[in-house]
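See below for data-v4.pdb, which holds PDB, C-alpha atoms and all ligand atoms.
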ATOM      1  CA  MET F 803     -39.876  23.150   8.347  1.00  0.00           C
ATOM      2  CA  THR F 804     -41.120  23.483   4.795  1.00  0.00           C
ATOM      3  CA  ASN F 805     -41.875  26.711   2.971  1.00  0.00           C
ATOM      4  CA  ARG F 806     -45.577  26.308   2.196  1.00  0.00           C
ATOM      5  CA  ASN F 807     -45.645  29.684   0.536  1.00  0.00           C
ATOM      6  CA  TYR F 808     -43.128  28.415  -2.001  1.00  0.00           C
ATOM      7  CA  LEU F 809     -45.182  25.263  -2.613  1.00  0.00           C
ATOM      8  CA  GLU F 810     -48.403  27.236  -3.013  1.00  0.00           C
ATOM      9  CA  ASN F 811     -46.770  29.434  -5.613  1.00  0.00           C
ATOM     10  CA  LEU F 812     -45.527  26.533  -7.726  1.00  0.00           C
ATOM     11  CA  ARG F 813     -46.956  26.537 -11.251  1.00  0.00           C
ATOM     12  CA  ILE F 814     -49.729  24.156 -12.292  1.00  0.00           C
ATOM     13  CA  PRO F 815     -47.877  21.438 -14.198  1.00  0.00           C
ATOM     14  CA  THR F 816     -49.138  19.750 -17.362  1.00  0.00           C
ATOM     15  CA  LYS F 817     -48.416  16.491 -19.144  1.00  0.00           C
ATOM     16  CA  GLU F 818     -46.148  18.420 -21.495  1.00  0.00           C
ATOM     17  CA  LYS F 819     -44.466  20.365 -18.686  1.00  0.00           C
ATOM     18  CA  PRO F 820     -44.610  18.100 -15.624  1.00  0.00           C
ATOM     19  CA  LEU F 821     -43.582  19.114 -12.105  1.00  0.00           C
ATOM     20  CA  ARG F 822     -39.962  18.067 -11.681  1.00  0.00           C
ATOM     21  CA  ILE F 823     -39.543  16.285  -8.356  1.00  0.00           C
ATOM     22  CA  LEU F 824     -36.292  14.843  -7.008  1.00  0.00           C
ATOM     23  CA  MET F 825     -37.067  11.875  -4.801  1.00  0.00           C
ATOM     24  CA  SER F 826     -35.136   9.506  -2.538  1.00  0.00           C
ATOM     25  CA  SER F 827     -35.005   6.300  -4.593  1.00  0.00           C
ATOM     26  CA  CYS F 828     -36.220   4.145  -1.711  1.00  0.00           C
ATOM     27  CA  LEU F 829     -39.400   6.216  -1.430  1.00  0.00           C
ATOM     28  CA  VAL F 830     -40.472   4.965  -4.830  1.00  0.00           C
ATOM     29  CA  GLY F 831     -39.664   1.347  -4.102  1.00  0.00           C
ATOM     30  CA  ILE F 832     -36.048   1.015  -5.210  1.00  0.00           C
ATOM     31  CA  THR F 833     -34.278  -1.476  -2.929  1.00  0.00           C
ATOM     32  CA  CYS F 834     -31.334   0.777  -2.140  1.00  0.00           C
ATOM     33  CA  GLY F 835     -31.647   0.742   1.666  1.00  0.00           C
ATOM     34  CA  TYR F 836     -28.588  -0.199   3.691  1.00  0.00           C
ATOM     35  CA  ASP F 837     -29.945  -3.763   4.060  1.00  0.00           C
ATOM     36  CA  GLY F 838     -31.058  -4.107   0.446  1.00  0.00           C
ATOM     37  CA  SER F 839     -34.699  -3.280   1.224  1.00  0.00           C
ATOM     38  CA  ALA F 840     -36.724  -0.224   0.206  1.00  0.00           C
ATOM     39  CA  ASN F 841     -36.997   0.859   3.863  1.00  0.00           C
ATOM     40  CA  GLY F 842     -40.729   0.120   3.927  1.00  0.00           C
ATOM     41  CA  GLU F 843     -43.588   1.412   1.804  1.00  0.00           C
ATOM     42  CA  TYR F 844     -44.580   5.062   1.693  1.00  0.00           C
ATOM     43  CA  PRO F 845     -47.971   5.676   0.028  1.00  0.00           C
ATOM     44  CA  SER F 846     -47.587   9.457   0.403  1.00  0.00           C
ATOM     45  CA  ALA F 847     -44.619   9.302  -1.998  1.00  0.00           C
ATOM     46  CA  LEU F 848     -45.791   6.432  -4.206  1.00  0.00           C
ATOM     47  CA  LYS F 849     -48.920   8.454  -5.021  1.00  0.00           C
ATOM     48  CA  PHE F 850     -46.844  10.704  -7.290  1.00  0.00           C
ATOM     49  CA  LEU F 851     -46.177   7.776  -9.618  1.00  0.00           C
ATOM     50  CA  ASN F 852     -49.844   7.783 -10.660  1.00  0.00           C
ATOM     51  CA  TYR F 853     -49.752  11.148 -12.400  1.00  0.00           C
ATOM     52  CA  ASP F 854     -48.403  12.153 -15.799  1.00  0.00           C
ATOM     53  CA  THR F 855     -48.127  15.739 -14.567  1.00  0.00           C
ATOM     54  CA  VAL F 856     -45.044  14.721 -12.560  1.00  0.00           C
ATOM     55  CA  LYS F 857     -41.551  13.779 -13.595  1.00  0.00           C
ATOM     56  CA  ILE F 858     -39.772  11.863 -10.816  1.00  0.00           C
ATOM     57  CA  ILE F 859     -35.988  11.946 -10.804  1.00  0.00           C
ATOM     58  CA  LYS F 860     -34.753   9.464  -8.213  1.00  0.00           C
ATOM     59  CA  PHE F 861     -31.390   9.204  -6.522  1.00  0.00           C
ATOM     60  CA  CYS F 862     -29.879   7.362  -3.548  1.00  0.00           C
ATOM     61  CA  PRO F 863     -26.890   9.278  -2.148  1.00  0.00           C
ATOM     62  CA  GLU F 864     -25.592   6.449   0.033  1.00  0.00           C
ATOM     63  CA  GLU F 865     -25.806   3.874  -2.725  1.00  0.00           C
ATOM     64  CA  PHE F 866     -23.930   6.274  -5.026  1.00  0.00           C
ATOM     65  CA  SER F 867     -20.962   6.400  -2.660  1.00  0.00           C
ATOM     66  CA  PHE F 868     -21.055   3.097  -0.810  1.00  0.00           C
ATOM     67  CA  GLY F 869     -23.147   0.620  -2.799  1.00  0.00           C
ATOM     68  CA  THR F 870     -25.922  -1.644  -1.498  1.00  0.00           C
ATOM     69  CA  PRO F 871     -25.989  -3.396   0.914  1.00  0.00           C
ATOM     70  CA  ARG F 872     -23.774  -1.299   3.166  1.00  0.00           C
ATOM     71  CA  GLU F 873     -23.307  -0.341   6.782  1.00  0.00           C
ATOM     72  CA  MET F 874     -25.748   1.952   8.521  1.00  0.00           C
ATOM     73  CA  CYS F 875     -24.359   5.435   9.187  1.00  0.00           C
ATOM     74  CA  ASP F 876     -25.272   8.460  11.276  1.00  0.00           C
ATOM     75  CA  ILE F 877     -24.026  11.976  11.882  1.00  0.00           C
ATOM     76  CA  HIS F 878     -21.933  12.608  14.990  1.00  0.00           C
ATOM     77  CA  GLY F 879     -21.268  16.051  16.446  1.00  0.00           C
ATOM     78  CA  GLY F 880     -23.793  18.066  14.479  1.00  0.00           C
ATOM     79  CA  THR F 881     -26.107  17.897  11.463  1.00  0.00           C
ATOM     80  CA  GLY F 882     -25.646  17.620   7.701  1.00  0.00           C
ATOM     81  CA  ILE F 883     -24.677  21.260   7.311  1.00  0.00           C
ATOM     82  CA  ASP F 884     -21.934  20.761   9.902  1.00  0.00           C
ATOM     83  CA  VAL F 885     -20.621  17.773   7.939  1.00  0.00           C
ATOM     84  CA  LEU F 886     -20.479  19.989   4.836  1.00  0.00           C
ATOM     85  CA  ASN F 887     -18.634  22.614   6.875  1.00  0.00           C
ATOM     86  CA  GLY F 888     -16.176  20.035   8.238  1.00  0.00           C
ATOM     87  CA  THR F 889     -17.227  20.309  11.887  1.00  0.00           C
ATOM     88  CA  ALA F 890     -19.171  17.030  12.203  1.00  0.00           C
ATOM     89  CA  LYS F 891     -18.638  13.497  10.903  1.00  0.00           C
ATOM     90  CA  VAL F 892     -20.627  10.685   9.370  1.00  0.00           C
ATOM     91  CA  LEU F 893     -19.633   7.428  11.033  1.00  0.00           C
ATOM     92  CA  THR F 894     -20.803   3.909  10.287  1.00  0.00           C
ATOM     93  CA  GLU F 895     -21.992   1.515  12.944  1.00  0.00           C
ATOM     94  CA  THR F 896     -18.456   0.058  13.090  1.00  0.00           C
ATOM     95  CA  GLY F 897     -16.822   3.479  13.264  1.00  0.00           C
ATOM     96  CA  LYS F 898     -15.713   4.042   9.654  1.00  0.00           C
ATOM     97  CA  ASP F 899     -15.592   7.704   8.675  1.00  0.00           C
ATOM     98  CA  TRP F 900     -17.888   8.132   5.654  1.00  0.00           C
ATOM     99  CA  SER F 901     -17.923  11.943   5.716  1.00  0.00           C
ATOM    100  CA  LYS F 902     -16.087  12.393   2.412  1.00  0.00           C
ATOM    101  CA  GLY F 903     -18.295   9.912   0.559  1.00  0.00           C
ATOM    102  CA  MET F 904     -21.422  11.538   1.947  1.00  0.00           C
ATOM    103  CA  ILE F 905     -20.220  14.965   0.833  1.00  0.00           C
ATOM    104  CA  ARG F 906     -19.409  13.563  -2.623  1.00  0.00           C
ATOM    105  CA  ALA F 907     -22.914  12.126  -2.851  1.00  0.00           C
ATOM    106  CA  SER F 908     -24.410  15.473  -1.819  1.00  0.00           C
ATOM    107  CA  GLU F 909     -22.495  17.183  -4.599  1.00  0.00           C
ATOM    108  CA  LYS F 910     -23.853  14.616  -7.050  1.00  0.00           C
ATOM    109  CA  ILE F 911     -27.446  15.108  -5.951  1.00  0.00           C
ATOM    110  CA  LEU F 912     -27.012  18.859  -6.292  1.00  0.00           C
ATOM    111  CA  GLU F 913     -25.580  18.398  -9.795  1.00  0.00           C
ATOM    112  CA  ILE F 914     -28.598  16.257 -10.736  1.00  0.00           C
ATOM    113  CA  ALA F 915     -30.990  18.800  -9.230  1.00  0.00           C
ATOM    114  CA  LYS F 916     -29.455  21.560 -11.329  1.00  0.00           C
ATOM    115  CA  ILE F 917     -29.333  19.565 -14.573  1.00  0.00           C
ATOM    116  CA  GLU F 918     -32.917  18.384 -14.133  1.00  0.00           C
ATOM    117  CA  LYS F 919     -34.156  21.824 -13.029  1.00  0.00           C
ATOM    118  CA  ILE F 920     -35.750  20.311  -9.943  1.00  0.00           C
ATOM    119  CA  GLU F 921     -38.657  22.291  -8.488  1.00  0.00           C
ATOM    120  CA  VAL F 922     -38.971  20.422  -5.192  1.00  0.00           C
ATOM    121  CA  ALA F 923     -37.276  17.464  -3.501  1.00  0.00           C
ATOM    122  CA  ILE F 924     -39.101  14.826  -1.456  1.00  0.00           C
ATOM    123  CA  LEU F 925     -36.544  12.923   0.623  1.00  0.00           C
ATOM    124  CA  MET F 926     -36.760  10.198   3.257  1.00  0.00           C
ATOM    125  CA  ASP F 927     -36.653  11.730   6.715  1.00  0.00           C
ATOM    126  CA  VAL F 928     -34.266  10.560   9.485  1.00  0.00           C
ATOM    127  CA  SER F 929     -31.613   9.311   7.028  1.00  0.00           C
ATOM    128  CA  ALA F 930     -28.105  10.714   7.538  1.00  0.00           C
ATOM    129  CA  ALA F 931     -28.129  11.589   3.826  1.00  0.00           C
ATOM    130  CA  CYS F 932     -31.766  12.319   2.983  1.00  0.00           C
ATOM    131  CA  GLY F 933     -33.279  13.436   6.303  1.00  0.00           C
ATOM    132  CA  SER F 934     -34.776  16.875   5.966  1.00  0.00           C
ATOM    133  CA  GLN F 935     -36.498  17.614   9.285  1.00  0.00           C
ATOM    134  CA  VAL F 936     -35.226  15.127  11.884  1.00  0.00           C
ATOM    135  CA  ILE F 937     -32.089  12.966  12.029  1.00  0.00           C
ATOM    136  CA  TYR F 938     -30.351  10.885  14.650  1.00  0.00           C
ATOM    137  CA  ASP F 939     -27.826  12.580  16.909  1.00  0.00           C
ATOM    138  CA  GLY F 940     -25.059  10.008  16.902  1.00  0.00           C
ATOM    139  CA  ASN F 941     -25.430   6.272  16.533  1.00  0.00           C
ATOM    140  CA  ARG F 942     -28.984   5.021  16.102  1.00  0.00           C
ATOM    141  CA  PHE F 943     -27.942   1.639  17.476  1.00  0.00           C
ATOM    142  CA  SER F 944     -26.895   3.016  20.835  1.00  0.00           C
ATOM    143  CA  GLU F 945     -29.134   2.088  23.756  1.00  0.00           C
ATOM    144  CA  ASN F 946     -30.188   5.691  24.260  1.00  0.00           C
ATOM    145  CA  LYS F 947     -30.693   6.745  20.664  1.00  0.00           C
ATOM    146  CA  VAL F 948     -31.331  10.455  20.348  1.00  0.00           C
ATOM    147  CA  TYR F 949     -33.040  12.494  17.631  1.00  0.00           C
ATOM    148  CA  GLN F 950     -32.199  16.045  16.666  1.00  0.00           C
ATOM    149  CA  ILE F 951     -33.813  18.668  14.464  1.00  0.00           C
ATOM    150  CA  GLY F 952     -31.787  19.055  11.304  1.00  0.00           C
ATOM    151  CA  ALA F 953     -31.035  17.770   7.839  1.00  0.00           C
ATOM    152  CA  GLY F 954     -28.856  14.977   6.543  1.00  0.00           C
ATOM    153  CA  VAL F 955     -25.890  15.745   4.318  1.00  0.00           C
ATOM    154  CA  SER F 956     -27.594  15.628   0.907  1.00  0.00           C
ATOM    155  CA  SER F 957     -30.665  17.491   2.120  1.00  0.00           C
ATOM    156  CA  ALA F 958     -28.472  20.151   3.679  1.00  0.00           C
ATOM    157  CA  GLN F 959     -26.577  20.548   0.404  1.00  0.00           C
ATOM    158  CA  LEU F 960     -29.825  21.020  -1.550  1.00  0.00           C
ATOM    159  CA  LYS F 961     -31.270  23.396   1.029  1.00  0.00           C
ATOM    160  CA  ARG F 962     -28.218  25.612   1.156  1.00  0.00           C
ATOM    161  CA  ASN F 963     -28.408  25.887  -2.613  1.00  0.00           C
ATOM    162  CA  GLY F 964     -31.991  27.102  -2.476  1.00  0.00           C
ATOM    163  CA  ILE F 965     -33.833  23.885  -3.318  1.00  0.00           C
ATOM    164  CA  GLU F 966     -36.986  23.225  -1.307  1.00  0.00           C
ATOM    165  CA  VAL F 967     -36.823  19.859   0.476  1.00  0.00           C
ATOM    166  CA  ILE F 968     -39.771  18.196   2.162  1.00  0.00           C
ATOM    167  CA  SER F 969     -40.099  14.745   3.678  1.00  0.00           C
ATOM    168  CA  GLN F 970     -42.497  11.899   2.971  1.00  0.00           C
ATOM    169  CA  ARG F 971     -44.281  12.668   6.228  1.00  0.00           C
ATOM    170  CA  ASP F 972     -44.838  16.388   5.722  1.00  0.00           C
ATOM    171  CA  PHE F 973     -48.431  15.534   4.938  1.00  0.00           C
ATOM    172  CA  SER F 974     -49.731  19.100   4.867  1.00  0.00           C
ATOM    173  CA  SER F 975     -47.077  20.177   2.370  1.00  0.00           C
ATOM    174  CA  LEU F 976     -47.708  17.062   0.304  1.00  0.00           C
ATOM    175  CA  GLU F 977     -51.379  18.016   0.114  1.00  0.00           C
ATOM    176  CA  ILE F 978     -50.358  21.229  -1.641  1.00  0.00           C
ATOM    177  CA  LEU F 979     -48.289  19.254  -4.152  1.00  0.00           C
ATOM    178  CA  TYR F 980     -51.138  16.791  -4.781  1.00  0.00           C
ATOM    179  CA  SER F 981     -53.407  19.741  -5.578  1.00  0.00           C
ATOM    180  CA  LYS F 982     -50.856  21.018  -8.095  1.00  0.00           C
ATOM    181  CA  ILE F 983     -50.473  17.762  -9.992  1.00  0.00           C
ATOM    182  CA  ASP F 984     -54.192  16.930  -9.856  1.00  0.00           C
ATOM    183  CA  THR F 985     -56.548  19.874 -10.172  1.00  0.00           C
ATOM    184  CA  ASN F 986     -59.363  17.657  -8.832  1.00  0.00           C
ATOM    185  CA  HIS F 987     -57.536  17.112  -5.558  1.00  0.00           C
ATOM    186  CA  LYS F 988     -59.082  19.057  -2.703  1.00  0.00           C
ATOM    187  CA  VAL F 989     -56.520  20.005  -0.054  1.00  0.00           C
ATOM    188  CA  ASN F 990     -57.180  18.241   3.252  1.00  0.00           C
ATOM    189  CA  ASP F 991     -56.603  20.960   5.862  1.00  0.00           C
ATOM    190  CA  THR F 992     -56.489  18.464   8.737  1.00  0.00           C
ATOM    191  CA  LYS F 993     -53.157  16.998   7.600  1.00  0.00           C
ATOM    192  CA  LEU F 994     -50.015  18.061   9.453  1.00  0.00           C
ATOM    193  CA  ASP F 995     -46.374  18.420   8.629  1.00  0.00           C
ATOM    194  CA  HIS F 996     -43.985  16.464  10.802  1.00  0.00           C
ATOM    195  CA  HIS F 997     -42.973  19.465  12.920  1.00  0.00           C
ATOM    196  CA  GLU F 998     -46.644  19.970  13.844  1.00  0.00           C
ATOM    197  CA  ILE F 999     -47.370  16.540  15.317  1.00  0.00           C
ATOM    198  CA  GLU F1000     -47.496  15.864  19.052  1.00  0.00           C
ATOM    199  CA  TRP F1001     -44.464  13.527  19.088  1.00  0.00           C
ATOM    200  CA  TYR F1002     -42.268  16.218  17.536  1.00  0.00           C
ATOM    201  CA  LYS F1003     -43.509  18.971  19.868  1.00  0.00           C
ATOM    202  CA  ASP F1004     -43.159  16.740  22.935  1.00  0.00           C
ATOM    203  CA  TYR F1005     -39.783  15.301  22.028  1.00  0.00           C
ATOM    204  CA  PHE F1006     -38.189  18.644  21.171  1.00  0.00           C
ATOM    205  CA  ASN F1007     -40.028  20.465  23.952  1.00  0.00           C
ATOM    206  CA  ILE F1008     -41.591  22.998  21.625  1.00  0.00           C
ATOM    207  CA  ASN F1009     -44.207  25.505  22.880  1.00  0.00           C
ATOM    208  CA  LYS F1010     -43.970  24.281  26.474  1.00  0.00           C
TER     209      LYS F1010
HETATM  210  S1  LIG O1101     -29.692   7.259   1.326  1.00  0.00           S
HETATM  211 FE1  LIG O1101     -31.682   8.170   0.975  1.00  0.00          FE
HETATM  212  S2  LIG O1101     -32.429   7.189  -0.917  1.00  0.00           S
HETATM  213 FE2  LIG O1101     -30.775   5.942  -0.132  1.00  0.00          FE
HETATM  214  S3  LIG O1101     -31.752   4.366   1.108  1.00  0.00           S
HETATM  215 FE3  LIG O1101     -31.151   6.026   2.488  1.00  0.00          FE
HETATM  216  S4  LIG O1101     -32.967   7.315   2.600  1.00  0.00           S
HETATM  217 FE4  LIG O1101     -33.236   6.018   0.805  1.00  0.00          FE
END

Taking this structure as input, can you express it in the form of structure tokens?
Amino acid sequence: MTNRNYLENLRIPTKEKPLRILMSSCLVGITCGYDGSANGEYPSALKFLNYDTVKIIKFCPEEFSFGTPREMCDIHGGTGIDVLNGTAKVLTETGKDWSKGMIRASEKILEIAKIEKIEVAILMDVSAACGSQVIYDGNRFSENKVYQIGAGVSSAQLKRNGIEVISQRDFSSLEILYSKIDTNHKVNDTKLDHHEIEWYKDYFNINK
């Protein structure tokens, strides 16, 4: 769940002092996905490239540690914060333990965030590294794949160090950011963050 209050209180950026956003590389079209693709196209993230009031700093945690292409990995026995605390593991589809590499990558993304004085991160949801709201619970290739609420390893590292992380499908929060980088943008109040949509509420049995 994002902190909209924090987003609303962000300064109005200028061309000289742009908003400093850390973004999953694949969200801006870099082909760093496990299969060498960009994991699809995400207009809600690509939109930021059109403004000179934004500085995008992009990073792919999994590529940093494992290269591209690579195996697909997921978190087993907990979420990203549990991996950081040593009580859950990141395993690849063939069972390799990638926990250490994922932690190393999370330390790198945190280092970048600090050096670049990042004001907000927009990361690809569901990824074992970048997921910020929802991730898989165990292997996504299993017949009965299961989702859980929680963050991937890099997102968890940023969050626990006080950096606001939102996903590419937190459309309500993104509206606030659009209005910061473009003073002509009128916030669309009908947009929802991911935790507000019916699928999320149904799947996680919220408010029932
Ligand atoms: S690790 Fe993050 S940046 Fe890299 S491909 Fe996966 S979601 Fe995209």

Dump as a PDB file with C-alpha atoms, in the coordinates of the input all residues having an atom at most 9 Å from (-26.0, 0.3, 17.1), computed in the file's coordinates with only C-alpha atoms.
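Generated file (result.pdb):
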ATOM      1  CA  MET F 874     -25.748   1.952   8.521  1.00  0.00           C
ATOM      2  CA  GLU F 895     -21.992   1.515  12.944  1.00  0.00           C
ATOM      3  CA  THR F 896     -18.456   0.058  13.090  1.00  0.00           C
ATOM      4  CA  ASN F 941     -25.430   6.272  16.533  1.00  0.00           C
ATOM      5  CA  ARG F 942     -28.984   5.021  16.102  1.00  0.00           C
ATOM      6  CA  PHE F 943     -27.942   1.639  17.476  1.00  0.00           C
ATOM      7  CA  SER F 944     -26.895   3.016  20.835  1.00  0.00           C
ATOM      8  CA  GLU F 945     -29.134   2.088  23.756  1.00  0.00           C
ATOM      9  CA  LYS F 947     -30.693   6.745  20.664  1.00  0.00           C
TER      10      LYS F 947
END

Enumerate, in order of chain and increasing residue number, the residues of chain F with an atom no farther than 9 Å from ligand LIG 1101 (chain O), each with its shortest atom pair and distance in Å to one decimal, counting all atoms listed in the file, as a Markdown table.
| residue | atom | partner | partner_atom | distance |
| --- | --- | --- | --- | --- |
| F:Met825 | CA | O:LIG1101 | S2 | 7.7 |
| F:Ser826 | CA | O:LIG1101 | S2 | 3.9 |
| F:Ser827 | CA | O:LIG1101 | S2 | 4.6 |
| F:Cys828 | CA | O:LIG1101 | FE4 | 4.3 |
| F:Leu829 | CA | O:LIG1101 | FE4 | 6.6 |
| F:Ile832 | CA | O:LIG1101 | FE4 | 8.3 |
| F:Thr833 | CA | O:LIG1101 | S3 | 7.5 |
| F:Cys834 | CA | O:LIG1101 | S3 | 4.9 |
| F:Gly835 | CA | O:LIG1101 | S3 | 3.7 |
| F:Tyr836 | CA | O:LIG1101 | S3 | 6.1 |
| F:Asp837 | CA | O:LIG1101 | S3 | 8.8 |
| F:Gly838 | CA | O:LIG1101 | S3 | 8.5 |
| F:Ser839 | CA | O:LIG1101 | S3 | 8.2 |
| F:Ala840 | CA | O:LIG1101 | S3 | 6.8 |
| F:Asn841 | CA | O:LIG1101 | S3 | 6.9 |
| F:Lys860 | CA | O:LIG1101 | S2 | 8.0 |
| F:Phe861 | CA | O:LIG1101 | S2 | 6.0 |
| F:Cys862 | CA | O:LIG1101 | S2 | 3.7 |
| F:Pro863 | CA | O:LIG1101 | S1 | 4.9 |
| F:Glu864 | CA | O:LIG1101 | S1 | 4.4 |
| F:Glu865 | CA | O:LIG1101 | FE2 | 6.0 |
| F:Phe866 | CA | O:LIG1101 | FE2 | 8.4 |
| F:Thr870 | CA | O:LIG1101 | S3 | 8.8 |
| F:Leu925 | CA | O:LIG1101 | FE1 | 6.8 |
| F:Met926 | CA | O:LIG1101 | S4 | 4.8 |
| F:Asp927 | CA | O:LIG1101 | S4 | 7.1 |
| F:Val928 | CA | O:LIG1101 | S4 | 7.7 |
| F:Ser929 | CA | O:LIG1101 | S4 | 5.0 |
| F:Ala930 | CA | O:LIG1101 | S1 | 7.3 |
| F:Ala931 | CA | O:LIG1101 | S1 | 5.2 |
| F:Cys932 | CA | O:LIG1101 | FE1 | 4.6 |
| F:Gly933 | CA | O:LIG1101 | S4 | 7.2 |
| F:Ser956 | CA | O:LIG1101 | FE1 | 8.5 |

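One distance worth recording is that between CA of Ile911 (chain F) and CA of Ile924 (chain F), which is 12.5 Å.
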
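Once the PyMOL selection byres (((chain F and resi 918) around 12) and not hetatm) is applied to this file, the selection holds Pro820, Leu821, Arg822, Ile823, Leu824, Lys857, Ile858, Ile859, Lys860, Ile911, Leu912, Glu913, Ile914, Ala915, Lys916, Ile917, Lys919, Ile920, Glu921, Val922 and Ala923 of chain F.
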
Give the padded box for region 979-983 of chain F as JSON: axis-aligned, covering all atoms listed in the file, 6 Å on each side, centre and edge lengths in Å to one decimal.
{"center_x": -50.8, "center_y": 18.9, "center_z": -7.1, "size_x": 17.1, "size_y": 16.2, "size_z": 17.8}

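Matched in the shown structure by the PyMOL selection byres (((chain F and resi 878) around 6) and not hetatm): Ile877, Gly879, Gly880, Ala890, Lys891 and Gly940 of chain F.
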
**Message:** Using all atoms listed in the file and a cutoff of 12 Å, can you tell me which residues are near (-24.1, 22.1, 5.3) in the file's coordinates, and write them out as a PyMOL selection string?
**Reply:** chain F and resi 880-891+901+904-905+908-909+931+934+952-963

Selected residues written out with C-alpha atoms, as a short mmCIF file (atom, residue, chain, number, x, y, z; two decimals), in the frame of the given file:
data_model
loop_
_atom_site.label_atom_id
_atom_site.label_comp_id
_atom_site.auth_asym_id
_atom_site.auth_seq_id
_atom_site.Cartn_x
_atom_site.Cartn_y
_atom_site.Cartn_z
CA GLY F 880 -23.79 18.07 14.48
CA THR F 881 -26.11 17.90 11.46
CA GLY F 882 -25.65 17.62 7.70
CA ILE F 883 -24.68 21.26 7.31
CA ASP F 884 -21.93 20.76 9.90
CA VAL F 885 -20.62 17.77 7.94
CA LEU F 886 -20.48 19.99 4.84
CA ASN F 887 -18.63 22.61 6.88
CA GLY F 888 -16.18 20.04 8.24
CA THR F 889 -17.23 20.31 11.89
CA ALA F 890 -19.17 17.03 12.20
CA LYS F 891 -18.64 13.50 10.90
CA SER F 901 -17.92 11.94 5.72
CA MET F 904 -21.42 11.54 1.95
CA ILE F 905 -20.22 14.96 0.83
CA SER F 908 -24.41 15.47 -1.82
CA GLU F 909 -22.50 17.18 -4.60
CA ALA F 931 -28.13 11.59 3.83
CA SER F 934 -34.78 16.88 5.97
CA GLY F 952 -31.79 19.06 11.30
CA ALA F 953 -31.04 17.77 7.84
CA GLY F 954 -28.86 14.98 6.54
CA VAL F 955 -25.89 15.74 4.32
CA SER F 956 -27.59 15.63 0.91
CA SER F 957 -30.66 17.49 2.12
CA ALA F 958 -28.47 20.15 3.68
CA GLN F 959 -26.58 20.55 0.40
CA LEU F 960 -29.82 21.02 -1.55
CA LYS F 961 -31.27 23.40 1.03
CA ARG F 962 -28.22 25.61 1.16
CA ASN F 963 -28.41 25.89 -2.61
#

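One distance worth recording is that between CA of Ile983 (chain F) and CA of Ile999 (chain F), which is 25.5 Å.
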
**Request:** Tell me which protein, DNA and RNA residues are within 12 Å of Thr985 (chain F), counting all atoms listed in the file, leaving out same-chain ones fewer than 4 positions away, and put them as a list of chain:residue names.
**Result:** F:Arg813, F:Ile814, F:Pro815, F:Thr816, F:Tyr853, F:Thr855, F:Glu977, F:Ile978, F:Leu979, F:Tyr980, F:Ser981, F:Val989

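As for CA of Leu848 (chain F) and CA of Gly964 (chain F), they are spaced 24.9 Å apart.
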
**Request:** Please provide the set of residues having any atom within 6 Å of Tyr949 (chain F), restricted to all atoms listed in the file, with same-chain residues fewer than 2 positions apart removed, written as a ChimeraX atom specification.
**Result:** /F:937-939

Find the residues near Arg806 (chain F): any atom within 7 Å, counting all atoms listed in the file, skip ones fewer than 3 places away on the same chain, and give them as a short mmCIF file (atom, residue, chain, number, x, y, z; two decimals) with C-alpha atoms, in the coordinates of the input.
data_model
loop_
_atom_site.label_atom_id
_atom_site.label_comp_id
_atom_site.auth_asym_id
_atom_site.auth_seq_id
_atom_site.Cartn_x
_atom_site.Cartn_y
_atom_site.Cartn_z
CA LEU F 809 -45.18 25.26 -2.61
CA GLU F 810 -48.40 27.24 -3.01
CA SER F 975 -47.08 20.18 2.37
#
